[in-house]
Amino acid sequence: MVEKTSTRTLEKLAAVKGMNDILPPDSARWDNFEAAVKTLMARYAYRPIRTPIVEPTALFVRGTGETTDIVEKEMYSFEDKLNGEALTLRPENTPGVVRAAIEHNLTYDGGKRLYYMGPMFRHERPQRGRYRQFYQLGAEALGFSGPELDVELMLLAHDLFSSLGLRNVRAEINSLGVASERRAHRAALVTYFEKHKQLLDADAQRRLQSNPLRILDTKNPAMQEMVSQAPQLLSFLGDVSLRHFESVKRLLSGCGVEWTVNPRLVRGLDYYSHTVFEFLTSELGAQGTLCGGGRYDGLFEVLGGKPTPAVGWGMGIERVLELLKEQGTNASLPTVDAYAIIPDAAAFPVAMHSIQVLRRAGVSVQMHAGTAEGMGSMKSQFKRADSTGAQFALIFGADELANGQVMVKSLRDGRGEQQPRSLDTMAQWASTLQLRT
Ligand code: ATP
Ligand code: MG
C-alpha cells in the first residue's frame, strides 16, 4: 500500500507558452532531420560549432541590430543575479558564431565553413510556425568574399530540402550592393516615402528616420501598393555589385537551382552586403519562410574584429518538419529488434545479462518491466511486444533458463515459429540476424 504523505493536491505545472515539448514518436522526425543534416554538412565540408545559449546582451544589440524587431521587442534579457551582467538568451546564432570566430581567431589560416543546430528564443506571439523557443539550423562561411560561396550555401540548403523529400520550395534572391550604393538608395527612398507620408502607418513613420529600408518589409496591406512603387536598390548598384550578383545567378542556374529576383527582399542593416536570399513555401500559410540568409561582410568589424567577409543562413527546423508532415512524408518510426518477455522476476539476473550481450552485439532490445504486483500475464507481455514492432520475442522462461536457453519467437512472419537458443552463443546468433535498427 502506498502511504499518503499529504492531503493537499499540488497544482500541475505546464511548459512556458510558446515553448514546446518534442515527444516520441514526433521526436523521431527530429532525429531523422539531424541525421540528414550531419551527412550533408560532411559532404560539403562544413564543421559543427557549438556556442553558448546565453550571451552578453550587447552582442545582439550590436550584432543583430538595434533597429530590428528582434532587439526592439523579442529578446529574453535578464540581469545576472550575481554580478549584474546584462545577458540574453540567443535569438539567433550568427552573432555568437562571429564572436567566437573573433575570440578564437578561427579564420587565421583562411576561411572556415561552420554549421550549428540548436534552440533560439524570441518573445513573439505564438502561432503555427512561430514559437518562443524554436530551433534553427544555420550554416556560415567565414572569410570568403567570392559569389561562389553565396551559391555553395544556397546549394546546401537546396540539397537538404531535396534529400528530405520536400517539394515546392522556391528560392528568392536579391542584392544589397555595398554601403555607398545603399546610402544613395536610402536617400531616394526617404524622399519617396516623405512624398507619401499620409500613407505611412505608425511603425513606418518611426522607421522613416531609423531604418527606411525596413518599411519595404511591411506586412500592412494598406501600404503594399505604395511600397511596390518605391525606388529599387537594384537600380543603384554599380559594376562590381552587379557582377557579383550576375555570378550568383549564373552559378545557381548552372547547378539546376531555380530562382527569382525579389527586389523587396532586404535586410535593413549596414553590415549586410551583396547577396540576400530566402527559401519559401506557399504551403504553411503566413509562416512560409523556411530559410533566410545573405552576405554580411561588415559584421566582424561591428563586433570588434578585423574586416572579414562572410555569408550564411538560418533555417527554422519546426517549419521544415511541419512542411514535411504537410506533404505527407512519413518519418521512419523507431522500432526495436527484440522484446524480452520475463515471465517471472526470478529470471532477471540471467535475462539482463543475456540482453546486454545482445545489445553489445548490435541488437536493440526492449525489456519488459514489472511492477510491485509482479511481471503481468504472458498475454499482456506479448501485447506489449507486438506494439513495439519488434521482429521477435525473447522468452526468458524458467524451463528454458534451466537448460541454459532462451526461447526465440518470431513475431512478424505470421507463423509465430519459436526455437530455443543457447545463452552461451547469443553473440554469434546476433551476427546472423538481419537487423532493422
Ligand atoms: P519571420 O519574418 O518569419 O519572422 P525572421 O526574418 O525573423 O522570420 P530569421 O531571423 O531570418 O527570421 O530566422 C531564420 C529562420 O528561422 C526563419 O526563416 C524561420 O524559418 C525561422 N524562425 C524565425 N523566427 C521563428 C520563430 N519565432 N519560430 C519558429 N521559427 C522561426
Ligand atoms: Mg521575425
# chains A, B, ... in the order shown; residues from 1 in each chain; ligands from 1
call {"tool": "residues_near_ligand", "arguments": {"ligand": "ligand 1", "cutoff": "6 Å", "atoms": "only C-alpha atoms and all ligand atoms", "output": "ChimeraX atom specification"}}
result
/A:122,129-132,134,136,287,289-292,314-316,319
call {"tool": "residues_near_ligand", "arguments": {"ligand": "ligand 2", "cutoff": "8 Å", "atoms": "only C-alpha atoms and all ligand atoms", "output": "list of chain:residue names"}}
result
A:Asp69, A:Ile70, A:Glu124
call {"tool": "residues_around", "arguments": {"residues": "Ser27 in chain A", "least_positions_apart": "4", "cutoff": "12 Å", "atoms": "only C-alpha atoms", "output": "list in words"}}
result
Asn20, Asp21, Ile22, Leu23, Asp31, Asn32, Phe33, Glu34, Glu318, Leu321, Ala331, Ser332, Leu333 and Pro334 of chain A
call {"tool": "residues_around", "arguments": {"residues": "Gly138 in chain A", "least_positions_apart": "6", "cutoff": "10 Å", "atoms": "only C-alpha atoms", "output": "VMD selection string"}}
result
chain A and resid 48 92 to 94 114 to 118 157 291 to 293 312 to 317
call {"tool": "select_by_dssp", "arguments": {"residues": "range 142-368 of chain A", "states": "strand (DSSP E)", "output": "JSON, numbers by chain"}}
result
{"A": [142, 170, 171, 172, 173, 174, 175, 259, 260, 261, 273, 274, 275, 276, 277, 278, 279, 280, 289, 290, 291, 292, 293, 294, 295, 310, 311, 312, 313, 314, 315, 316, 338, 339, 340, 341, 365, 366, 367]}
call {"tool": "write_last_selection", "arguments": {"atoms": "N, CA and C atoms", "output": "mmCIF file, in the first residue's frame"}}
result
data_model
loop_
_atom_site.group_PDB
_atom_site.id
_atom_site.type_symbol
_atom_site.label_atom_id
_atom_site.label_comp_id
_atom_site.auth_asym_id
_atom_site.auth_seq_id
_atom_site.Cartn_x
_atom_site.Cartn_y
_atom_site.Cartn_z
ATOM 1 N N LEU A 142 32.899 31.766 -43.215
ATOM 2 C CA LEU A 142 33.600 32.958 -42.718
ATOM 3 C C LEU A 142 34.934 33.126 -43.436
ATOM 4 N N ARG A 170 10.700 27.346 -53.107
ATOM 5 C CA ARG A 170 11.286 28.219 -54.112
ATOM 6 C C ARG A 170 12.339 29.142 -53.492
ATOM 7 N N ALA A 171 13.269 29.563 -54.340
ATOM 8 C CA ALA A 171 14.339 30.440 -53.865
ATOM 9 C C ALA A 171 14.141 31.839 -54.416
ATOM 10 N N GLU A 172 14.240 32.830 -53.545
ATOM 11 C CA GLU A 172 14.226 34.232 -53.970
ATOM 12 C C GLU A 172 15.562 34.854 -53.613
ATOM 13 N N ILE A 173 16.051 35.682 -54.525
ATOM 14 C CA ILE A 173 17.342 36.325 -54.274
ATOM 15 C C ILE A 173 17.253 37.816 -54.537
ATOM 16 N N ASN A 174 18.210 38.537 -53.984
ATOM 17 C CA ASN A 174 18.316 39.967 -54.254
ATOM 18 C C ASN A 174 19.748 40.381 -53.938
ATOM 19 N N SER A 175 20.109 41.576 -54.355
ATOM 20 C CA SER A 175 21.425 42.086 -53.973
ATOM 21 C C SER A 175 21.276 43.402 -53.242
ATOM 22 N N TRP A 259 15.525 30.210 -59.443
ATOM 23 C CA TRP A 259 15.465 31.358 -58.538
ATOM 24 C C TRP A 259 14.624 32.443 -59.180
ATOM 25 N N THR A 260 14.110 33.343 -58.361
ATOM 26 C CA THR A 260 13.520 34.569 -58.887
ATOM 27 C C THR A 260 14.115 35.725 -58.104
ATOM 28 N N VAL A 261 14.225 36.873 -58.755
ATOM 29 C CA VAL A 261 14.725 38.055 -58.053
ATOM 30 C C VAL A 261 13.537 38.720 -57.384
ATOM 31 N N SER A 273 25.650 42.945 -47.189
ATOM 32 C CA SER A 273 26.065 43.439 -48.492
ATOM 33 C C SER A 273 25.825 42.346 -49.532
ATOM 34 N N HIS A 274 25.736 42.775 -50.763
ATOM 35 C CA HIS A 274 25.555 41.841 -51.881
ATOM 36 C C HIS A 274 24.360 40.902 -51.668
ATOM 37 N N THR A 275 24.643 39.596 -51.755
ATOM 38 C CA THR A 275 23.544 38.635 -51.861
ATOM 39 C C THR A 275 22.676 38.500 -50.605
ATOM 40 N N VAL A 276 21.371 38.530 -50.786
ATOM 41 C CA VAL A 276 20.434 38.054 -49.765
ATOM 42 C C VAL A 276 19.503 37.050 -50.432
ATOM 43 N N PHE A 277 19.026 36.088 -49.649
ATOM 44 C CA PHE A 277 18.150 35.068 -50.248
ATOM 45 C C PHE A 277 17.212 34.487 -49.208
ATOM 46 N N GLU A 278 16.140 33.912 -49.709
ATOM 47 C CA GLU A 278 15.210 33.182 -48.852
ATOM 48 C C GLU A 278 14.748 31.945 -49.582
ATOM 49 N N PHE A 279 14.417 30.898 -48.840
ATOM 50 C CA PHE A 279 13.730 29.730 -49.394
ATOM 51 C C PHE A 279 12.342 29.715 -48.788
ATOM 52 N N LEU A 280 11.326 29.648 -49.656
ATOM 53 C CA LEU A 280 9.950 29.799 -49.192
ATOM 54 C C LEU A 280 9.042 28.693 -49.700
ATOM 55 N N THR A 289 8.487 31.302 -44.702
ATOM 56 C CA THR A 289 9.934 31.392 -44.923
ATOM 57 C C THR A 289 10.633 30.282 -44.146
ATOM 58 N N LEU A 290 11.256 29.378 -44.897
ATOM 59 C CA LEU A 290 11.925 28.247 -44.257
ATOM 60 C C LEU A 290 13.354 28.612 -43.893
ATOM 61 N N CYS A 291 13.952 29.449 -44.730
ATOM 62 C CA CYS A 291 15.379 29.705 -44.575
ATOM 63 C C CYS A 291 15.691 31.098 -45.102
ATOM 64 N N GLY A 292 16.466 31.853 -44.347
ATOM 65 C CA GLY A 292 16.836 33.188 -44.795
ATOM 66 C C GLY A 292 18.323 33.411 -44.570
ATOM 67 N N GLY A 293 18.950 34.080 -45.519
ATOM 68 C CA GLY A 293 20.384 34.292 -45.342
ATOM 69 C C GLY A 293 20.929 35.372 -46.235
ATOM 70 N N GLY A 294 22.226 35.519 -46.167
ATOM 71 C CA GLY A 294 22.865 36.518 -47.001
ATOM 72 C C GLY A 294 24.298 36.760 -46.579
ATOM 73 N N ARG A 295 24.883 37.706 -47.290
ATOM 74 C CA ARG A 295 26.281 38.065 -47.064
ATOM 75 C C ARG A 295 26.341 39.173 -46.024
ATOM 76 N N ALA A 310 31.895 37.419 -45.054
ATOM 77 C CA ALA A 310 31.220 36.216 -44.571
ATOM 78 C C ALA A 310 29.817 36.132 -45.141
ATOM 79 N N VAL A 311 29.297 34.913 -45.183
ATOM 80 C CA VAL A 311 27.950 34.697 -45.706
ATOM 81 C C VAL A 311 27.352 33.494 -44.981
ATOM 82 N N GLY A 312 26.024 33.522 -44.789
ATOM 83 C CA GLY A 312 25.411 32.411 -44.057
ATOM 84 C C GLY A 312 23.901 32.437 -44.133
ATOM 85 N N TRP A 313 23.291 31.418 -43.566
ATOM 86 C CA TRP A 313 21.829 31.382 -43.484
ATOM 87 C C TRP A 313 21.363 30.713 -42.199
ATOM 88 N N GLY A 314 20.086 30.959 -41.876
ATOM 89 C CA GLY A 314 19.442 30.297 -40.748
ATOM 90 C C GLY A 314 18.143 29.683 -41.226
ATOM 91 N N MET A 315 17.858 28.484 -40.725
ATOM 92 C CA MET A 315 16.664 27.752 -41.178
ATOM 93 C C MET A 315 15.825 27.376 -39.966
ATOM 94 N N GLY A 316 14.513 27.566 -40.066
ATOM 95 C CA GLY A 316 13.619 27.203 -38.974
ATOM 96 C C GLY A 316 13.262 25.726 -39.049
ATOM 97 N N ALA A 338 14.106 -6.700 -30.821
ATOM 98 C CA ALA A 338 13.593 -7.774 -29.965
ATOM 99 C C ALA A 338 12.933 -7.221 -28.713
ATOM 100 N N TYR A 339 11.956 -7.968 -28.205
ATOM 101 C CA TYR A 339 11.323 -7.620 -26.936
ATOM 102 C C TYR A 339 11.558 -8.785 -25.983
ATOM 103 N N ALA A 340 12.056 -8.467 -24.791
ATOM 104 C CA ALA A 340 12.361 -9.538 -23.826
ATOM 105 C C ALA A 340 11.176 -9.763 -22.896
ATOM 106 N N ILE A 341 10.625 -10.953 -22.971
ATOM 107 C CA ILE A 341 9.489 -11.335 -22.115
ATOM 108 C C ILE A 341 10.051 -12.011 -20.859
ATOM 109 N N VAL A 365 17.112 -4.125 -27.955
ATOM 110 C CA VAL A 365 16.208 -4.965 -27.157
ATOM 111 C C VAL A 365 15.471 -4.113 -26.145
ATOM 112 N N GLN A 366 14.149 -4.225 -26.144
ATOM 113 C CA GLN A 366 13.350 -3.576 -25.100
ATOM 114 C C GLN A 366 12.959 -4.643 -24.090
ATOM 115 N N MET A 367 13.236 -4.358 -22.826
ATOM 116 C CA MET A 367 12.984 -5.363 -21.789
ATOM 117 C C MET A 367 11.668 -5.101 -21.090
#
call {"tool": "select_by_dssp", "arguments": {"residues": "range 321-418 of chain A", "states": "helix (DSSP H, G or I)", "output": "ChimeraX atom specification"}}
result
/A:321-326,345-360,378-387,398-402
call {"tool": "atom_distance", "arguments": {"atom1": "CA of Gly288 in chain A", "atom2": "CA of Lys325 in chain A"}}
result
14.3 Å
call {"tool": "residues_around", "arguments": {"residues": "Pro52 in chain A", "least_positions_apart": "5", "cutoff": "10 Å", "atoms": "only C-alpha atoms", "output": "list in words"}}
result
Leu89, Arg90, Asn93, Gly96, Val97 and Ala100 of chain A
call {"tool": "residues_around", "arguments": {"residues": "range 223-232 of chain A", "least_positions_apart": "2", "cutoff": "7 Å", "atoms": "only C-alpha atoms", "output": "ChimeraX atom specification"}}
result
/A:188-189,192,199-200,216,220-221,234-235,263
